[in-house]
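Coordinates as given in structure_26.cif (mmCIF, C-alpha atoms):
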```
data_final
loop_
_atom_site.label_atom_id
_atom_site.label_comp_id
_atom_site.auth_asym_id
_atom_site.auth_seq_id
_atom_site.Cartn_x
_atom_site.Cartn_y
_atom_site.Cartn_z
CA MET A 1 23.63 -9.67 -23.52
CA ILE A 2 20.71 -11.91 -22.54
CA HIS A 3 21.57 -11.31 -18.88
CA LEU A 4 21.53 -7.51 -19.45
CA THR A 5 18.17 -7.69 -21.25
CA ARG A 6 16.75 -9.78 -18.41
CA THR A 7 18.02 -7.28 -15.81
CA VAL A 8 16.52 -4.34 -17.74
CA GLU A 9 13.18 -6.18 -18.05
CA THR A 10 13.18 -7.05 -14.33
CA TRP A 11 13.87 -3.50 -13.14
CA SER A 12 11.53 -1.95 -15.73
CA CYS A 13 8.72 -4.11 -14.32
CA ILE A 14 9.64 -3.23 -10.71
CA LEU A 15 9.94 0.53 -11.41
CA THR A 16 6.63 0.55 -13.32
CA VAL A 17 4.84 -1.17 -10.44
CA ALA A 18 6.36 1.25 -7.89
CA ALA A 19 5.60 4.36 -10.01
CA LEU A 20 1.96 3.32 -10.49
CA ALA A 21 1.64 2.56 -6.75
CA ILE A 22 3.07 5.95 -5.75
CA THR A 23 0.82 7.79 -8.25
CA GLY A 24 -2.25 5.92 -7.06
CA GLU A 25 -1.56 6.30 -3.35
CA VAL A 26 -0.70 10.00 -3.45
CA LEU A 27 -3.76 10.85 -5.58
CA THR A 28 -5.99 8.72 -3.34
CA ALA A 29 -4.56 10.25 -0.15
CA GLY A 30 -5.04 13.74 -1.62
CA ALA A 31 -8.63 12.91 -2.50
CA MET A 32 -9.40 11.55 0.97
CA ARG A 33 -7.87 14.62 2.60
CA LYS A 34 -10.08 16.84 0.45
CA ILE A 35 -13.23 14.76 1.10
CA GLY A 36 -12.69 14.85 4.88
CA ASP A 37 -13.19 12.43 7.77
CA LEU A 38 -15.27 9.49 6.46
CA ASP A 39 -16.47 8.68 10.00
CA VAL A 40 -18.09 12.14 10.19
CA ILE A 41 -19.59 11.86 6.69
CA ARG A 42 -20.98 8.41 7.51
CA ALA A 43 -22.53 9.70 10.74
CA LYS A 44 -24.17 12.56 8.82
CA SER A 45 -25.14 10.96 5.48
CA GLY A 46 -24.89 7.23 6.18
CA LEU A 47 -22.75 4.70 4.30
CA PRO A 48 -24.28 5.57 0.87
CA GLY A 49 -23.36 9.22 1.45
CA ALA A 50 -19.78 8.29 2.32
CA ILE A 51 -19.48 6.03 -0.76
CA ARG A 52 -20.96 8.79 -2.97
CA ALA A 53 -18.50 11.34 -1.57
CA VAL A 54 -15.57 9.08 -2.45
CA LEU A 55 -16.78 7.92 -5.86
CA THR A 56 -17.57 11.44 -7.11
CA SER A 57 -14.03 12.73 -6.50
CA PRO A 58 -12.16 13.01 -9.86
CA MET A 59 -8.81 12.77 -8.05
CA PHE A 60 -9.91 9.53 -6.36
CA LEU A 61 -11.02 8.06 -9.72
CA VAL A 62 -7.66 8.86 -11.39
CA GLY A 63 -5.84 7.44 -8.33
CA SER A 64 -7.97 4.28 -8.50
CA LEU A 65 -7.15 3.89 -12.19
CA ALA A 66 -3.43 4.08 -11.34
CA MET A 67 -3.95 1.49 -8.57
CA ALA A 68 -5.84 -0.82 -10.94
CA LEU A 69 -2.98 -0.55 -13.45
CA ASN A 70 -0.58 -1.22 -10.55
CA PHE A 71 -2.53 -4.38 -9.67
CA PHE A 72 -2.24 -5.85 -13.19
CA ALA A 73 1.39 -4.69 -13.50
CA LEU A 74 2.12 -6.48 -10.19
CA LEU A 75 0.43 -9.69 -11.39
CA PHE A 76 2.52 -9.52 -14.58
CA THR A 77 5.71 -8.78 -12.64
CA LEU A 78 5.14 -11.66 -10.19
CA SER A 79 4.93 -14.02 -13.15
CA VAL A 80 8.26 -12.96 -14.71
CA VAL A 81 10.33 -11.85 -11.68
CA ASP A 82 11.08 -13.91 -8.57
CA VAL A 83 8.70 -12.91 -5.77
CA SER A 84 11.69 -12.78 -3.37
CA LEU A 85 13.03 -9.83 -5.40
CA ALA A 86 9.82 -8.30 -6.80
CA ALA A 87 7.92 -8.01 -3.49
CA PRO A 88 10.60 -6.31 -1.33
CA ALA A 89 11.93 -4.17 -4.20
CA THR A 90 8.51 -2.76 -5.20
CA ALA A 91 7.52 -2.32 -1.54
CA SER A 92 10.73 -0.49 -0.61
CA LEU A 93 10.69 1.80 -3.66
CA THR A 94 7.02 2.56 -3.01
CA TYR A 95 7.63 3.48 0.67
CA ILE A 96 10.51 5.84 -0.10
CA GLY A 97 8.77 7.28 -3.19
CA ASN A 98 5.58 7.87 -1.17
CA ALA A 99 7.50 9.79 1.50
CA PHE A 100 9.00 12.10 -1.17
CA ALA A 101 5.68 12.46 -3.03
CA ALA A 102 3.71 13.10 0.19
CA LYS A 103 6.10 15.90 1.14
CA LEU A 104 6.15 17.37 -2.38
CA PHE A 105 2.51 17.10 -3.47
CA LEU A 106 0.48 16.63 -0.26
CA LYS A 107 2.67 19.04 1.75
CA GLU A 108 2.77 16.57 4.61
CA ASN A 109 5.13 17.35 7.44
CA VAL A 110 7.58 14.49 6.81
CA ASP A 111 9.79 15.12 9.83
CA ARG A 112 12.93 13.19 10.80
CA ARG A 113 10.83 10.60 12.61
CA ARG A 114 8.82 9.81 9.45
CA TRP A 115 11.93 9.71 7.19
CA LEU A 116 13.51 7.28 9.67
CA ALA A 117 10.33 5.18 9.61
CA ALA A 118 10.37 5.02 5.78
CA VAL A 119 14.06 4.03 5.72
CA PHE A 120 13.59 1.46 8.51
CA VAL A 121 10.63 -0.08 6.65
CA CYS A 122 12.77 -0.42 3.49
CA VAL A 123 15.62 -2.04 5.40
CA GLY A 124 13.18 -4.28 7.30
CA VAL A 125 11.43 -5.44 4.12
CA PHE A 126 14.79 -6.38 2.55
CA LEU A 127 15.90 -8.25 5.69
CA LEU A 128 12.60 -10.17 5.73
CA SER A 129 13.18 -11.27 2.13
CA LYS A 130 16.59 -12.83 3.02
CA MET B 131 -0.17 18.58 13.54
CA LYS B 132 -2.48 16.74 15.90
CA HIS B 133 -2.63 13.25 17.29
CA THR B 134 -6.07 11.98 18.17
CA LEU B 135 -6.44 8.27 17.50
CA SER B 136 -9.33 6.55 19.25
CA PRO B 137 -9.39 2.76 19.87
CA GLN B 138 -11.79 2.47 16.90
CA ARG B 139 -9.20 4.13 14.66
CA TYR B 140 -6.46 1.78 15.87
CA LEU B 141 -8.88 -1.06 14.97
CA ILE B 142 -9.13 0.31 11.42
CA LEU B 143 -5.31 0.42 11.16
CA LEU B 144 -5.26 -3.21 12.40
CA THR B 145 -7.77 -4.15 9.66
CA VAL B 146 -5.56 -2.38 7.09
CA LEU B 147 -2.48 -4.40 8.00
CA LEU B 148 -4.23 -7.79 8.40
CA THR B 149 -6.27 -7.69 5.18
CA ALA B 150 -3.30 -6.42 3.15
CA SER B 151 -0.88 -9.12 4.31
CA VAL B 152 -3.29 -12.07 4.08
CA GLY B 153 -4.74 -10.80 0.76
CA ASP B 154 -1.27 -10.47 -0.81
CA THR B 155 -0.33 -13.97 0.38
CA MET B 156 -3.48 -15.45 -1.21
CA LEU B 157 -2.82 -13.57 -4.49
CA SER B 158 0.77 -14.80 -4.58
CA HIS B 159 -0.38 -18.41 -3.98
CA GLY B 160 -3.03 -18.10 -6.71
CA MET B 161 -0.60 -16.68 -9.27
CA SER B 162 1.89 -19.47 -8.56
CA GLN B 163 -0.88 -21.90 -9.62
CA ILE B 164 -1.61 -19.93 -12.82
CA GLY B 165 2.01 -19.97 -14.00
CA ALA B 166 4.13 -17.51 -15.95
CA VAL B 167 2.34 -14.73 -17.84
CA ASP B 168 4.16 -13.16 -20.78
CA PHE B 169 3.30 -10.60 -23.46
CA HIS B 170 2.00 -13.35 -25.77
CA HIS B 171 -0.36 -14.77 -23.14
CA LEU B 172 -1.79 -11.69 -21.42
CA GLY B 173 -5.20 -13.41 -21.43
CA LEU B 174 -3.89 -15.51 -18.54
CA LEU B 175 -4.28 -12.40 -16.34
CA PHE B 176 -8.05 -12.61 -16.89
CA ALA B 177 -8.03 -16.39 -16.45
CA ALA B 178 -6.39 -15.72 -13.06
CA LEU B 179 -9.61 -13.96 -12.00
CA LYS B 180 -11.31 -17.41 -11.90
CA ASN B 181 -8.77 -18.86 -9.44
CA PRO B 182 -10.32 -19.21 -5.90
CA TRP B 183 -7.12 -17.98 -4.21
CA VAL B 184 -7.00 -14.92 -6.49
CA ILE B 185 -10.72 -14.29 -5.85
CA GLY B 186 -10.20 -14.63 -2.05
CA GLY B 187 -7.21 -12.31 -2.28
CA ILE B 188 -9.23 -9.74 -4.21
CA VAL B 189 -12.09 -9.87 -1.64
CA LEU B 190 -9.61 -9.25 1.21
CA LEU B 191 -7.92 -6.47 -0.77
CA ILE B 192 -11.32 -4.79 -1.24
CA GLY B 193 -11.63 -4.87 2.59
CA PHE B 194 -8.10 -3.48 2.77
CA PHE B 195 -8.94 -0.67 0.34
CA SER B 196 -12.06 0.37 2.29
CA SER B 197 -10.24 0.50 5.62
CA TYR B 198 -7.21 2.16 3.99
CA LEU B 199 -9.39 4.94 2.53
CA THR B 200 -11.04 5.44 5.92
CA ALA B 201 -7.60 5.74 7.57
CA LEU B 202 -6.40 8.22 4.92
CA SER B 203 -9.44 10.42 5.61
CA TRP B 204 -8.11 11.19 9.13
CA ALA B 205 -4.37 10.47 8.93
CA ASP B 206 -1.37 11.35 6.73
CA LEU B 207 -0.13 8.95 4.06
CA THR B 208 3.29 8.87 5.75
CA PHE B 209 1.57 7.91 9.05
CA VAL B 210 -0.53 5.08 7.53
CA MET B 211 2.34 3.62 5.42
CA PRO B 212 4.34 2.04 8.28
CA ALA B 213 1.10 0.53 9.61
CA THR B 214 0.64 -1.32 6.31
CA ALA B 215 4.30 -2.43 6.48
CA PHE B 216 3.57 -4.04 9.87
CA GLY B 217 1.62 -6.66 7.87
CA TYR B 218 4.98 -8.16 6.82
CA VAL B 219 5.74 -8.73 10.50
CA VAL B 220 2.34 -10.41 11.01
CA VAL B 221 2.99 -12.83 8.13
CA ALA B 222 6.50 -13.63 9.44
CA LEU B 223 5.23 -14.24 12.98
CA LEU B 224 2.33 -16.39 11.71
CA SER B 225 4.77 -18.49 9.70
CA ARG B 226 6.96 -18.94 12.80
CA PHE B 227 4.39 -19.66 15.50
CA TRP B 228 1.48 -21.15 13.48
CA LEU B 229 3.21 -22.92 10.59
CA HIS B 230 6.34 -23.59 12.72
CA GLU B 231 8.65 -22.41 9.92
CA HIS B 232 12.23 -21.43 10.70
CA LEU B 233 12.92 -17.68 10.89
CA SER B 234 16.55 -16.74 10.15
CA ALA B 235 18.44 -14.08 12.10
CA TYR B 236 17.97 -11.75 9.08
CA ARG B 237 14.19 -12.11 9.34
CA TRP B 238 14.16 -11.48 13.09
CA ALA B 239 16.26 -8.37 12.40
CA GLY B 240 13.74 -7.35 9.71
CA ILE B 241 10.84 -7.78 12.15
CA LEU B 242 12.65 -5.67 14.77
CA THR B 243 13.42 -2.97 12.19
CA ILE B 244 9.80 -2.67 11.01
CA VAL B 245 8.53 -2.64 14.63
CA CYS B 246 10.93 0.28 15.25
CA ALA B 247 9.58 2.06 12.13
CA VAL B 248 5.99 1.70 13.36
CA GLY B 249 7.08 2.91 16.81
CA PHE B 250 8.63 6.06 15.30
CA VAL B 251 5.34 7.22 13.74
CA ALA B 252 2.88 5.68 16.22
CA ASN B 253 4.12 8.03 18.94
CA GLY B 254 3.95 11.05 16.65
CA PRO B 255 1.13 13.14 15.25
CA SER B 256 -1.18 11.43 12.76
CA ARG B 257 -2.15 14.42 10.63
CA THR B 258 -0.60 17.56 9.12
CA GLU B 259 -3.02 20.47 9.24
CA HIS B 260 -2.72 23.06 6.45
CA GLU B 261 -4.84 25.14 4.09
CA HIS B 262 -4.75 23.79 0.51
CA THR B 263 -2.31 21.52 -1.34
CA ALA B 264 -1.49 21.74 -5.04
CA LEU B 265 -3.38 18.47 -5.60
CA GLU B 266 -6.55 19.80 -3.91
CA VAL B 267 -6.54 22.90 -6.11
CA MET B 268 -6.08 20.67 -9.17
CA ASP B 269 -8.94 18.39 -8.10
CA SER B 270 -11.39 21.24 -7.46
CA GLY B 271 -10.61 22.54 -10.97
CA ALA B 272 -11.15 19.12 -12.54
CA GLY B 273 -14.44 18.69 -10.68
CA ARG B 274 -16.06 21.79 -12.19
#
```
For this file, write the structure as structure tokens.
Amino acid sequence: MIHLTRTVETWSCILTVAALAITGEVLTAGAMRKIGDLDVIRAKSGLPGAIRAVLTSPMFLVGSLAMALNFFALLFTLSVVDVSLAAPATASLTYIGNAFAAKLFLKENVDRRRWLAAVFVCVGVFLLSK
Amino acid sequence: MKHTLSPQRYLILLTVLLTASVGDTMLSHGMSQIGAVDFHHLGLLFAALKNPWVIGGIVLLIGFFSSYLTALSWADLTFVMPATAFGYVVVALLSRFWLHEHLSAYRWAGILTIVCAVGFVANGPSRTEHEHTALEVMDSGAGR
């Protein structure tokens, strides 16, 4: 029973970290796509103009909030789950989840090459944790 | 889709992967010094913000975030993601050739696998060109 509770707690932490990371990254990527090339904005309006363009995007702010929550959730998870499990598990789930979310919400052309890359990264991260 | 990455843009991707991997390592080291945080001692999370390793990690992760945002402004999320994963390879290679740690066959296989993943997307287009996504429509509505 204690073992089951521990397993549920471990995977709840890992799934929460991954879900917050995916939410944050997709919202941030969507915001940056909408804002446009920062190199061009910086050339036109300088660094303050580029910073203003980013910080006034509501989508970026919500994405940043999700990333901030992800940061504290990760700190919490690293203190209760072994880093050898937490790091590769959250990273792998985030990579695969991002590929799905990018195709679904950002309408990115996730072709066979990019799916293969996401799967290879997951496998690679797990092998590195061995 | 188009693929136009200048040397400056490859430099930004390099900054993304280096700051992310070194920053994460410093955070992990700092948190190992802080000890276990549970629901009854959540204040320890704020105490962690005074640890030099955690502070150093946060500074590097701010650098990561800036370069990451810049990369996302001209490349797809699914193009930038494998570049960030390459940071794992950097840490593994540093531990082998700088710290002279032993790398098992599994880890060498992991390095090879991630290098392949980066190769898959590095040779492909960096950006999907389209009109408007559902998220962009939502954001323009929220901004009014």
Check every residue of chain B for an atom within 6 Å of chain A, counting all atoms listed in the file, and provide those that qualify as a count of residues only. 16
By how many Å are CA of Gln163 in chain B and CA of Ser225 in chain B apart? 20.4 Å
Please measure the separation of CA of Ala19 in chain A and CA of Leu74 in chain A, giving the value in Å to one decimal. 11.4 Å
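Taking CA of Leu174 in chain B and CA of Met161 in chain B as the two end points, the separation is 9.9 Å.
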Report the residues retrieved by the PyMOL selection byres ((chain A and resi 16) around 12) from the displayed file, expressed as an NGL selection string. :A and (8-15 or 17-23 or 66-67 or 69-74 or 76-77 or 86 or 89-90 or 93-94)
Neighbouring residues of Ile188 in chain B were defined as those with any atom within 12 Å, considering only C-alpha atoms; residues of the same chain fewer than 6 positions away were excluded. Please report them as number ranges by chain. A: 68, 71; B: 149-158, 160, 178-182, 194-195
